[in-house]
Amino acid sequence: MSEHPPPSTGSPGEAWVWFAGLGLVTGLAMVLGLLAVITWNGLGVFWPKDILKVDFKEGSAAGIGGAPALLGELIKTQERKMGQAPGQPLPMEWQVFTGNKDRYGQMFKYFDAAEIASHSKPAGVARVERLEYGPALGFPRSLNQDDGGVLPATDATFEKKLREAISGQRALRRDLRRVEKNEIGAVNARIESLRLKAKRLERNPGDPAKRAEIQRKIDAAQTEYEALSARAREIRGRKSGARLVLALGTGEESEVPVGQIVDTWRPNDMNAAQKTGHFLAAIGSYIVDEPREANTEGGVFPAIFGTFVMTLLMSLAVMPFGVVAAIYLREYAHQGSFVRGVRIAVNNLAGVPSIVYGVFGLGFFVYVIGGSLDRLFFADRLPSPTFGTGGLLWAALTLALMTVPVVIVSTEEALAAVSRGVREGALACGASKWQTIRSVVLPAAAPGMLTGLILAMARGAGEVAPLMIVGVVKLAPELPIDGLFPFIHLERKFMHLGFHIYDLGFQSPDSEAAKPMVFATTLLLIALVVALNAGAILLRNRLRKKLATGAF
Amino acid sequence: MQQTATKTLEVLAPSEAPENPAYIRFLRYHFWYGAAQALHGIDLDIPEKRVTALIGPSGCGKSTLLRNINRMNDLIDGVRHTGDLILGAHSVYDPSVEVIGLRKRVGMVFQKSNPFPKSIYENVIFALRMAGRTDRRLLDETVEKSLRDAALWDEVKDRLHESALGLSGGQQQRLCIARAVANRPEVLLMDEPCSALDPIATGKVEELMHELKKNYTIVIVTHNMQQAARVSDFTAFFYLGRLVEFNPTATIFLNPSQKRTEDYISGRFG
């Protein structure tokens with residue numbers, strides 16, 4: 001067209017723009033891919049899967065115990081890599097979830113696809129979630145009631161009766177739990193504190209009347225305890241002996257006590273709307289229920305709660321420390337080589353492996369501070385430690401220590417970004433240095449400080465390694481916050497989603513069964529971190545709007 | 001206090017000395033930033049309730065001089081001075097003078113408007129808040145009076161509790177003036193207050209100075225010769241850290257006694 005080069009050759013440096021774009025795309029693709037995998041697998045756990053009936057070829061030994069057929073959910077098909085001569089094509093094999101661990105001794109079965117004669121989705125097959133042994137799969141045959149009556153599955157009222165029996169037993173379990181955990185727990189706590197009081201009195205013998213008084217109180221509480229445990233026994237006695245009889249895929253029958261049934265549904269008979277309803281209900285109960293079966297089943301509520309409370313406590317601990325340190329470093333300290341050194345050290349602290357913080361937390365917080373607290377205030381309970389063992393407070397402080405560099409660095413930057421003009425304006429109005437910082441500099445820097453908090457929370461909530469030695473447990477019997485005085489129990493051990501993931505994936509007795517839960521828990525942890533961050537970001541945006549500055 | 005400007009450079013004819021008593025007096029004032037000397041032996045008497053303009057090329061020390069009146073330069077490491085600076089009856093360096101108290105007597109408006117990230121209301125009463133005043137009626141009165149003084153009241157009276165950062169540049173600068181006068185200071189220092197403003201906003205600020213000089217002693221640093229001519233009663237010309245000439249503004253602009261002053265004003269250098 002003209003002497004100008006055609007545009008396709010690009011302007012100088014355009015290749016670098018593309019290169020930078022490629023970098024971004026690669027990063028985004030990896031992150032989104034990871035999220036997609038986690039979301040798909042995590043949510044897939046809750047979708048009711050169809051149950052297949054697989055018939056094996058005549059004379060095949062692939063079935064369980066040589067049975068000619070089985071019922072199961074198809075998990076995956078893959079090439080069998082073992083037991084094959086080199087050069088031969090790899091045969092396809094199926095992995096199905098058969099459940100009925102009490103009968104089969106395992107819940108998964110692998111077999112060669114070549115052994116299959118046919119497979120179908122039979123109507124009427126039920127999946128029964130149980131308190132023990134994992135789910136059972138089978139065709140409901142009958143409900144054998146307490147009084148010896150047998151209600152066949154063909155009866156019109158069968159479904160209704162079964163549901164009634166299940167929800168009746170569920171209510172019973174709830175009652176039992178309330179009595180055993182809350183009421184007996186409260187009485188136990190009272191007896192414990194009375195015993196400690198008695199022990200104290202014994203050590204420095206004082207008023208015998210007082211001792212008698214305490215003994216009387218203990219006796220009264222003991223009586224109360226007896227009454228409650230009698231009630232618990234009574235509730236347990238009301239447990240139904242009814243049994244659901246299932247015809248398993250392998251031919252035999254299996255009886256499931258109704259008291260053991262959590263829920264049952266027939267996936268092959270459900271339409272899309274019913275499946276969606278089940279899916280949502282399953283997610284709901286996953287979030288609000290407590291775990292069962294070595295954490296591989298049930299919900300993760302205690303872990304969500306523990307993670308949430310621990311992260312909040314960590315934020316409460318890290319913000320004051322980080323902000324105060326940053327204010328001193330930036331506003332008051334003489335900017336010399338010493339402060340430069342401190343700054344480099346702070347930045348490097350962010351790179352120290354988190355397990356080192358865990359070890360430090362164990363040595364310093366748990367043993368030194370916790371041990372001293374125990375000796376000073378909880379000497380009556382020794383040798384069993386109160387604060388001298390891992391717990392919520394120490395875990396939060398350890399993580400606060402770990403994330404404090406993040407807060408210091410971002411607070412310092414936010415402080416440095418507050419213009420000199422504004423500071424001088426405040427000083428010229430007759431404000432002292434501290435007044436200037438408090439009333440002008442800190443408000444202007446607040447959004448930047450919250451950015452630091454967001455980064456700290458994201459790092460803290462996802463951290464597992466240090467927690468494993470300062471207070472996280474696989475299964476915590478009690479939540480760190482409950483109705484018993486003093487309501488917030490900072491010394492208690494707690495559950496954590498991150499540790500839950502590790503525990504499910506690598507410590508559980510049946511890793512195949514736990515695998516889907518790993519994804520679900522990971523998804524939940526990410527959702528929790530996103531929710532916490534969203535809260536902080538909302539706060540930051542409100543602050544920014546209030547300040548009408550947008551420079552962070 | 002009937003002291004006149006006889007202590008300035010000898011070129012200053014006594015007959016042209018300010019008729020008002022001197023309020024701010026520099027006595028053989030030298031000032032250093034570290035090793036670099038910024039002011040050389042300044043003797044200057046700034047009269048009360050007049051506008052005094054400080055002019056001169058960049059780096060001549062006029063802003064340094066201004067910022068020493070409320071000791072803002074104390075914030076910089078390594079500054080020192082000799083000579084004395086008297087505000088009213090006392091040296092600003094008198095050990096009995098607290099810097100914070102001094103700054104309450106001397107309001108300052110900066111080159112770049114610097115409203116605080118607070119509401120208009122809180123901006124105006126900032127100095128009172130810092131002094132611990134909480135009387136609601138006093139604060140309300142101060143806000144209205146100061147904003148009226150700064151000719152901003154009518155524009156913002158309906159949104160006193162909105163962020164000051166939502167105001168236009170000119171409004172922000174007038175807000176800063178309102179903030180500077182809220183504490184009823186004795187002196188108002190203005191460091192190129194109009195350099196970032198458009199002509200209309202500049203006009204408003206200049207009108208304001210005419211009003212304010214009834215009550216305040218105003219010292220203004222400006223690069224704008226026309227502005228100095230328009231607003232000031234007295235003008236001091238600085239060059240390389242020295243006071244070259246200090247005279248009534250009409251004299252400086254129409255009949256300067258120094259060649260360098262004439263060269264600068266007529267645009268031959270600087």
# chains A, B, ... in the order shown; residues from 1 in each chain; ligands from 1

$ interface_residues --of "chain A" --to "chain B" --cutoff "12 Å" --atoms "only C-alpha atoms" --output "JSON, numbers by chain"
{"A": [331, 332, 334, 335, 418, 419, 420, 421, 422, 423, 424, 425, 426, 427, 428, 429, 430, 431, 432, 433, 434, 435, 436, 437, 438, 439, 440, 441, 442, 443, 444, 445, 446, 543, 544, 545, 546, 547, 548, 549, 550]}

$ write_last_selection --atoms "N, CA and C atoms" --output "short mmCIF file (atom, residue, chain, number, x, y, z; two decimals), in the first residue's frame"
data_model
loop_
_atom_site.label_atom_id
_atom_site.label_comp_id
_atom_site.auth_asym_id
_atom_site.auth_seq_id
_atom_site.Cartn_x
_atom_site.Cartn_y
_atom_site.Cartn_z
N GLU A 331 7.02 4.35 60.33
CA GLU A 331 6.76 5.73 60.75
C GLU A 331 7.73 6.21 61.83
N TYR A 332 8.17 5.32 62.68
CA TYR A 332 8.95 5.78 63.83
C TYR A 332 10.42 5.42 63.75
N HIS A 334 14.19 4.86 62.83
CA HIS A 334 15.12 5.58 62.00
C HIS A 334 15.49 4.71 60.80
N GLN A 335 15.27 5.24 59.60
CA GLN A 335 15.43 4.40 58.40
C GLN A 335 16.91 4.20 58.10
N VAL A 418 0.56 6.45 51.53
CA VAL A 418 -0.19 7.62 51.99
C VAL A 418 0.66 8.85 51.71
N SER A 419 0.11 9.82 50.98
CA SER A 419 0.94 10.89 50.44
C SER A 419 1.48 11.76 51.56
N ARG A 420 2.64 12.33 51.29
CA ARG A 420 3.30 13.20 52.24
C ARG A 420 2.44 14.43 52.49
N GLY A 421 1.77 14.85 51.42
CA GLY A 421 0.94 16.06 51.54
C GLY A 421 -0.11 15.91 52.63
N VAL A 422 -0.74 14.74 52.68
CA VAL A 422 -1.80 14.54 53.68
C VAL A 422 -1.20 14.55 55.08
N ARG A 423 -0.05 13.90 55.22
CA ARG A 423 0.59 13.90 56.54
C ARG A 423 0.95 15.32 56.96
N GLU A 424 1.55 16.08 56.02
CA GLU A 424 1.96 17.44 56.36
C GLU A 424 0.74 18.29 56.69
N GLY A 425 -0.35 18.04 55.93
CA GLY A 425 -1.57 18.78 56.20
C GLY A 425 -2.03 18.56 57.63
N ALA A 426 -1.96 17.32 58.08
CA ALA A 426 -2.41 17.01 59.44
C ALA A 426 -1.47 17.64 60.47
N LEU A 427 -0.17 17.53 60.20
CA LEU A 427 0.79 18.11 61.15
C LEU A 427 0.63 19.62 61.20
N ALA A 428 0.38 20.23 60.03
CA ALA A 428 0.22 21.68 59.99
C ALA A 428 -1.03 22.13 60.73
N CYS A 429 -1.98 21.21 60.92
CA CYS A 429 -3.17 21.55 61.70
C CYS A 429 -2.90 21.44 63.20
N GLY A 430 -1.69 21.12 63.57
CA GLY A 430 -1.39 21.02 64.98
C GLY A 430 -1.59 19.62 65.55
N ALA A 431 -1.64 18.63 64.68
CA ALA A 431 -1.76 17.25 65.16
C ALA A 431 -0.38 16.75 65.54
N SER A 432 -0.32 15.91 66.58
CA SER A 432 0.97 15.30 66.91
C SER A 432 1.21 14.16 65.92
N LYS A 433 2.39 13.59 66.00
CA LYS A 433 2.72 12.52 65.05
C LYS A 433 1.76 11.35 65.20
N TRP A 434 1.50 10.98 66.45
CA TRP A 434 0.61 9.84 66.66
C TRP A 434 -0.81 10.17 66.20
N GLN A 435 -1.25 11.42 66.49
CA GLN A 435 -2.59 11.81 66.03
C GLN A 435 -2.66 11.76 64.51
N THR A 436 -1.60 12.20 63.85
CA THR A 436 -1.57 12.15 62.39
C THR A 436 -1.70 10.72 61.91
N ILE A 437 -0.94 9.84 62.53
CA ILE A 437 -0.98 8.44 62.09
C ILE A 437 -2.36 7.85 62.34
N ARG A 438 -2.88 8.12 63.52
CA ARG A 438 -4.14 7.47 63.88
C ARG A 438 -5.32 8.00 63.07
N SER A 439 -5.37 9.32 62.90
CA SER A 439 -6.59 9.85 62.32
C SER A 439 -6.50 10.08 60.81
N VAL A 440 -5.32 10.11 60.25
CA VAL A 440 -5.23 10.35 58.80
C VAL A 440 -4.54 9.19 58.07
N VAL A 441 -3.38 8.80 58.58
CA VAL A 441 -2.60 7.81 57.84
C VAL A 441 -3.25 6.43 57.89
N LEU A 442 -3.64 5.99 59.09
CA LEU A 442 -4.21 4.65 59.21
C LEU A 442 -5.51 4.50 58.41
N PRO A 443 -6.45 5.45 58.50
CA PRO A 443 -7.66 5.28 57.69
C PRO A 443 -7.34 5.20 56.19
N ALA A 444 -6.39 6.03 55.75
CA ALA A 444 -6.06 6.00 54.33
C ALA A 444 -5.38 4.69 53.96
N ALA A 445 -4.67 4.09 54.90
CA ALA A 445 -3.94 2.86 54.60
C ALA A 445 -4.77 1.62 54.86
N ALA A 446 -5.97 1.79 55.44
CA ALA A 446 -6.76 0.62 55.85
C ALA A 446 -7.03 -0.36 54.71
N LEU A 543 -14.64 0.27 52.65
CA LEU A 543 -13.69 1.27 53.14
C LEU A 543 -13.24 2.18 52.01
N ARG A 544 -12.93 1.54 50.87
CA ARG A 544 -12.45 2.32 49.74
C ARG A 544 -13.48 3.31 49.28
N LYS A 545 -14.73 2.84 49.23
CA LYS A 545 -15.79 3.73 48.79
C LYS A 545 -15.89 4.90 49.76
N LYS A 546 -15.78 4.57 51.04
CA LYS A 546 -15.86 5.61 52.04
C LYS A 546 -14.73 6.61 51.86
N LEU A 547 -13.57 6.10 51.53
CA LEU A 547 -12.43 6.98 51.37
C LEU A 547 -12.37 7.58 49.98
N ALA A 548 -13.07 6.93 49.04
CA ALA A 548 -13.04 7.35 47.64
C ALA A 548 -11.63 7.42 47.09
N THR A 549 -10.78 6.54 47.60
CA THR A 549 -9.47 6.43 46.97
C THR A 549 -9.39 5.05 46.38
N GLY A 550 -8.74 4.92 45.27
CA GLY A 550 -8.72 3.61 44.64
C GLY A 550 -7.34 3.18 44.25
#

$ select_by_dssp --residues "region 111-199 of chain B" --states "strand (DSSP E)" --output "list in words"
Val187, Leu188, Leu189, Met190 and Asp191 of chain B

$ residues_around --residues "Arg340 (chain A)" --least-positions-apart "6" --cutoff "12 Å" --atoms "only C-alpha atoms" --output "JSON, numbers by chain"
{"A": [329, 330, 333, 334, 346, 347]}

$ closest_residue --among "A:Ala171, A:Ala198, A:Ala186, A:Ala326" --to "Lys217 (chain A)" --atoms "only C-alpha atoms"
A:Ala198

$ closest_residue --among "B:Val244, B:Leu87, B:Ala150, B:Leu167" --to "Leu208 (chain B)" --atoms "only C-alpha atoms"
B:Ala150

$ select_by_dssp --residues "region 91-259 of chain A" --states "helix (DSSP H, G or I)" --output "number ranges by chain"
A: 101-104, 113-115, 158-203, 208-237, 258-259

$ closest_residue --among "B:Glu245, B:Asp263, B:Asp74, B:Asp233" --to "Ile218 (chain B)" --atoms "only C-alpha atoms"
B:Asp233
